[in-house]
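Data from query_23.cif: mmCIF, C-alpha atoms (C1' of nucleotides)
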data_my_file
#
loop_
_atom_site.group_PDB
_atom_site.id
_atom_site.type_symbol
_atom_site.label_atom_id
_atom_site.label_comp_id
_atom_site.auth_asym_id
_atom_site.auth_seq_id
_atom_site.Cartn_x
_atom_site.Cartn_y
_atom_site.Cartn_z
ATOM 1 C CA MET A 6 78.451 69.910 107.892
ATOM 2 C CA HIS A 7 76.527 73.077 107.969
ATOM 3 C CA HIS A 8 77.311 76.089 110.047
ATOM 4 C CA PRO A 9 74.090 78.053 110.038
ATOM 5 C CA ASP A 10 75.441 81.361 111.225
ATOM 6 C CA ARG A 11 78.835 81.367 109.627
ATOM 7 C CA ASP A 12 77.810 80.422 106.156
ATOM 8 C CA GLY A 13 80.747 79.686 103.972
ATOM 9 C CA GLU A 14 83.371 80.771 106.420
ATOM 10 C CA ALA A 15 85.374 78.472 108.594
ATOM 11 C CA ASP A 16 87.652 80.172 111.077
ATOM 12 C CA GLY A 17 89.241 82.529 108.611
ATOM 13 C CA PRO A 18 88.626 86.207 108.131
ATOM 14 C CA ARG A 19 85.090 87.384 107.685
ATOM 15 C CA LEU A 20 83.859 87.595 104.133
ATOM 16 C CA VAL A 21 83.451 91.339 104.282
ATOM 17 C CA PHE A 22 87.073 91.649 105.363
ATOM 18 C CA LEU A 23 88.183 89.813 102.250
ATOM 19 C CA ARG A 24 86.139 92.226 100.191
ATOM 20 C CA VAL A 25 87.851 95.142 101.893
ATOM 21 C CA TYR A 26 91.196 93.623 101.038
ATOM 22 C CA GLU A 27 90.194 93.316 97.408
ATOM 23 C CA ILE A 28 89.661 97.030 97.232
ATOM 24 C CA ALA A 29 92.706 97.948 99.255
ATOM 25 C CA ARG A 30 94.842 96.044 96.777
ATOM 26 C CA GLN A 31 93.677 98.423 94.096
ATOM 27 C CA ILE A 32 95.210 101.454 95.761
ATOM 28 C CA PRO A 33 98.204 102.340 93.623
ATOM 29 C CA TYR A 34 101.717 102.774 94.917
ATOM 30 C CA GLY A 35 102.211 106.309 96.184
ATOM 31 C CA ARG A 36 98.517 106.850 96.833
ATOM 32 C CA VAL A 37 96.356 106.704 99.944
ATOM 33 C CA ALA A 38 92.700 106.002 100.615
ATOM 34 C CA THR A 39 90.688 106.710 103.728
ATOM 35 C CA TYR A 40 88.709 104.113 105.653
ATOM 36 C CA GLY A 41 85.606 106.028 104.777
ATOM 37 C CA HIS A 42 86.423 105.995 101.085
ATOM 38 C CA ILE A 43 86.721 102.259 101.033
ATOM 39 C CA ALA A 44 83.479 101.924 102.935
ATOM 40 C CA GLN A 45 81.873 104.123 100.329
ATOM 41 C CA VAL A 46 83.108 101.956 97.492
ATOM 42 C CA MET A 47 81.706 98.896 99.240
ATOM 43 C CA GLY A 48 78.435 100.616 99.909
ATOM 44 C CA PRO A 49 76.046 100.107 102.828
ATOM 45 C CA PRO A 50 75.943 98.536 105.287
ATOM 46 C CA VAL A 51 79.736 98.580 105.458
ATOM 47 C CA THR A 52 81.057 101.424 107.579
ATOM 48 C CA ALA A 53 84.432 103.075 107.924
ATOM 49 C CA ARG A 54 84.758 101.556 111.324
ATOM 50 C CA GLU A 55 84.358 98.087 109.917
ATOM 51 C CA VAL A 56 87.002 98.816 107.309
ATOM 52 C CA GLY A 57 89.254 99.713 110.216
ATOM 53 C CA ASP A 58 88.432 96.381 111.820
ATOM 54 C CA ALA A 59 89.400 94.613 108.621
ATOM 55 C CA MET A 60 92.727 96.384 108.504
ATOM 56 C CA ALA A 61 93.365 95.677 112.171
ATOM 57 C CA ALA A 62 92.831 91.991 111.516
ATOM 58 C CA LEU A 63 95.863 92.065 109.251
ATOM 59 C CA ARG A 64 97.985 92.203 112.362
ATOM 60 C CA ASP A 65 97.323 88.507 112.771
ATOM 61 C CA GLY A 66 98.923 87.831 109.435
ATOM 62 C CA GLN A 67 98.740 88.944 105.833
ATOM 63 C CA PRO A 68 96.551 87.112 103.342
ATOM 64 C CA ASP A 69 97.828 86.113 99.941
ATOM 65 C CA PRO A 70 98.284 88.227 97.984
ATOM 66 C CA PRO A 71 99.245 90.726 100.684
ATOM 67 C CA VAL A 72 97.398 93.950 101.336
ATOM 68 C CA PRO A 73 99.135 97.353 101.148
ATOM 69 C CA TRP A 74 97.731 98.276 104.551
ATOM 70 C CA GLN A 75 99.913 101.355 104.891
ATOM 71 C CA ARG A 76 97.934 103.082 102.145
ATOM 72 C CA VAL A 77 94.768 103.176 104.207
ATOM 73 C CA ILE A 78 94.686 106.205 106.491
ATOM 74 C CA ASN A 79 92.079 108.244 108.316
ATOM 75 C CA ALA A 80 89.953 111.087 107.070
ATOM 76 C CA GLN A 81 92.170 113.652 108.724
ATOM 77 C CA GLY A 82 94.964 112.701 106.381
ATOM 78 C CA ARG A 83 96.959 111.107 109.190
ATOM 79 C CA VAL A 84 98.089 107.539 109.685
ATOM 80 C CA SER A 85 96.353 105.622 112.436
ATOM 81 C CA THR A 86 99.006 103.139 113.468
ATOM 82 C CA GLY A 87 102.141 105.110 114.209
ATOM 83 C CA GLN A 88 105.338 106.314 112.648
ATOM 84 C CA ARG A 89 106.078 103.053 110.909
ATOM 85 C CA GLN A 90 103.128 103.445 108.587
ATOM 86 C CA GLN A 91 104.012 107.004 107.743
ATOM 87 C CA THR A 92 107.566 106.056 106.935
ATOM 88 C CA LEU A 93 106.433 103.354 104.561
ATOM 89 C CA LEU A 94 104.278 105.873 102.752
ATOM 90 C CA GLU A 95 107.053 108.406 102.597
ATOM 91 C CA GLN A 96 109.150 105.755 100.936
ATOM 92 C CA GLU A 97 106.455 105.634 98.274
ATOM 93 C CA GLY A 98 106.683 109.366 97.779
ATOM 94 C CA VAL A 99 103.737 110.439 99.906
ATOM 95 C CA THR A 100 104.644 113.571 101.810
ATOM 96 C CA PHE A 101 103.439 114.615 105.255
ATOM 97 C CA SER A 102 103.529 117.926 107.027
ATOM 98 C CA VAL A 103 105.465 118.332 110.209
ATOM 99 C CA LYS A 104 102.228 117.634 112.010
ATOM 100 C CA GLY A 105 101.894 114.355 110.174
ATOM 101 C CA VAL A 106 99.154 115.368 107.799
ATOM 102 C CA THR A 107 99.149 114.537 104.116
ATOM 103 C CA ASP A 108 97.292 116.269 101.335
ATOM 104 C CA LEU A 109 94.420 114.018 100.355
ATOM 105 C CA GLY A 110 93.695 116.195 97.371
ATOM 106 C CA ARG A 111 97.108 115.379 96.047
ATOM 107 C CA PHE A 112 97.771 111.839 97.212
ATOM 108 C CA GLY A 113 94.241 110.615 97.773
ATOM 109 C CA TRP A 114 93.053 107.753 95.635
ATOM 110 C CA GLN A 115 90.094 108.496 93.418
ATOM 111 C CA GLY A 116 88.566 105.047 93.739
ATOM 112 C CA PRO A 117 88.772 101.888 91.661
ATOM 113 C CA ASP A 118 88.654 101.801 87.918
ATOM 114 C CA PRO A 119 84.960 101.761 86.968
ATOM 115 C CA ASP A 120 85.328 98.661 84.821
ATOM 116 C CA TRP A 121 87.149 96.840 87.572
ATOM 117 C CA ALA A 122 84.521 97.914 90.073
ATOM 118 C CA GLU A 123 81.702 96.657 87.920
ATOM 119 C CA ALA A 124 83.440 93.372 87.206
ATOM 120 C CA HIS A 125 83.954 92.771 90.894
ATOM 121 C CA GLY A 126 80.579 93.855 92.150
ATOM 122 C CA PHE A 127 81.613 97.171 93.632
ATOM 123 C CA HIS A 128 80.678 100.594 92.478
ATOM 124 C CA PRO A 129 83.075 103.458 91.866
ATOM 125 C CA LEU A 130 83.044 106.529 94.026
ATOM 126 C CA LYS A 131 80.169 108.667 93.010
ATOM 127 C CA ASN A 132 81.263 112.205 92.569
ATOM 128 C CA GLU A 133 78.474 114.360 93.774
ATOM 129 C CA GLY A 134 78.062 117.128 91.251
ATOM 130 C CA GLU A 135 81.526 118.497 90.899
ATOM 131 C CA GLU A 136 84.413 116.323 89.960
ATOM 132 C CA LYS A 137 87.634 116.722 91.784
ATOM 133 C CA GLN A 138 90.588 116.672 89.489
ATOM 134 C CA GLN A 139 93.297 114.264 90.470
ATOM 135 C CA LEU A 140 96.578 116.048 90.149
ATOM 136 C CA ASP A 141 99.280 113.969 88.585
ATOM 137 C CA LEU A 142 102.159 113.080 90.800
ATOM 138 C CA PHE A 143 104.820 115.155 89.163
ATOM 139 C "C1'" DC B 13 73.761 89.190 128.119
ATOM 140 C "C1'" DG B 14 76.151 93.684 129.741
ATOM 141 C "C1'" DT B 15 80.468 96.046 129.278
ATOM 142 C "C1'" DA B 16 84.623 97.525 127.227
ATOM 143 C "C1'" DT B 17 87.394 98.375 123.333
ATOM 144 C "C1'" DG B 18 88.808 99.845 118.720
ATOM 145 C "C1'" DA B 19 93.816 101.134 112.281
ATOM 146 C "C1'" DC B 20 86.379 105.606 112.225
ATOM 147 C "C1'" DC B 21 83.936 109.995 111.385
ATOM 148 C "C1'" DA B 22 81.008 114.279 111.508
ATOM 149 C "C1'" DT B 23 80.097 117.965 114.210
ATOM 150 C "C1'" DG B 24 80.563 121.710 117.486
ATOM 151 C "C1'" DC B 25 83.157 124.816 120.305
ATOM 152 C "C1'" DG C 1 93.636 124.148 113.865
ATOM 153 C "C1'" DG C 2 93.019 121.316 118.202
ATOM 154 C "C1'" DC C 3 90.012 118.972 121.387
ATOM 155 C "C1'" DA C 4 85.664 116.771 123.151
ATOM 156 C "C1'" DT C 5 81.429 114.365 122.247
ATOM 157 C "C1'" DG C 6 78.217 111.355 120.314
ATOM 158 C "C1'" DG C 7 77.056 107.999 116.924
ATOM 159 C "C1'" DC C 8 78.238 103.915 114.838
ATOM 160 C "C1'" DC C 9 78.977 98.861 114.964
ATOM 161 C "C1'" DA C 10 81.542 94.403 115.280
ATOM 162 C "C1'" DT C 11 84.350 91.621 118.667
ATOM 163 C "C1'" DA C 12 86.064 89.853 122.936
ATOM 164 C "C1'" DC C 13 85.373 88.717 127.622
#

Using the file provided, produce a representation of the structure as structure tokens.
Amino acid sequence: MHHPDRDGEADGPRLVFLRVYEIARQIPYGRVATYGHIAQVMGPPVTAREVGDAMAALRDGQPDPPVPWQRVINAQGRVSTGQRQQTLLEQEGVTFSVKGVTDLGRFGWQGPDPDWAEAHGFHPLKNEGEEKQQLDLF
DNA sequence: CGTATGACCATGC
DNA sequence: GGCATGGCCATAC
């Protein structure tokens, strides 16, 4: 009854994916986070690419509670999965330029609440030196 | 085991 | 700003 390589996981999503989903659920309505940001919150050895893999796996079905996948976009400020995703975000109040680029300085998530991060074994985004001010949405 | 593919990203032109 | 390239790394075949 032991699976040496897949310790603790049956056929479900990989453990690291579930951790990614935990963080993604923290992204507030009307805000976006980049794959790289989430990877940074998780810390090494998790990479942005792996975060992308985790999000892609959602296509096979949403876990419970569901993950607000539309709020995870790429570092260019563009959605990675097509118009549908952008529309969902626009319905949350996130605006995009005609070229399909959003302003990460305005709508970008600043990372999880420090207390939440600590309680869940993550670490908040470390602001190197200067702190970016998060502008309030209206 | 080699090869191809992907919801990434930094860099350089 | 757009486009190409290389690095990265897990999965699928």

### Task
Can you give me, as a VMD selection string, the residues this file yields under the PyMOL selection byres ((chain A) within 10 of (chain B))?
chain A and resid 39 to 41 52 to 64 74 to 75 77 to 81 84 to 87

#### Entry: Test item: chain C residues at most 10 Å from chain A, counting all atoms listed in the file, as a ChimeraX atom specification
/C:8-11

### Query
Do you know which residues are at most 7 Å from Thr107 in chain A counting only C-alpha atoms (C1' of nucleotides), after dropping those on the same chain fewer than 3 positions away, and could you put them as a PyMOL selection string?
chain A and resi 82-83+100-102

### Query
CA of Val21 in chain A to CA of Ala44 in chain A: how many Å, to one decimal?
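Straight-line distance from CA of Val21 in chain A to CA of Ala44 in chain A works out to 10.7 Å.
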
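Once the PyMOL selection byres ((chain A and resi 28) around 9) is applied to the depicted file, the selected set reads Leu23, Arg24, Val25, Tyr26, Glu27, Ala29, Arg30, Gln31, Ile32, Ile43, Val46, Met47, Gly116, Pro117, Ala122 and Phe127 of chain A.
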
### Query
Counting all atoms listed in the file, which of A:Gln91, A:Phe112, A:Pro50, A:Phe22 gets nearest to Gln67 in chain A?
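That would be A:Phe22, the residue with the smallest distance to Gln67 in chain A.
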
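We find CA of Lys104 in chain A and CA of Tyr34 in chain A to be spaced 22.7 Å apart.
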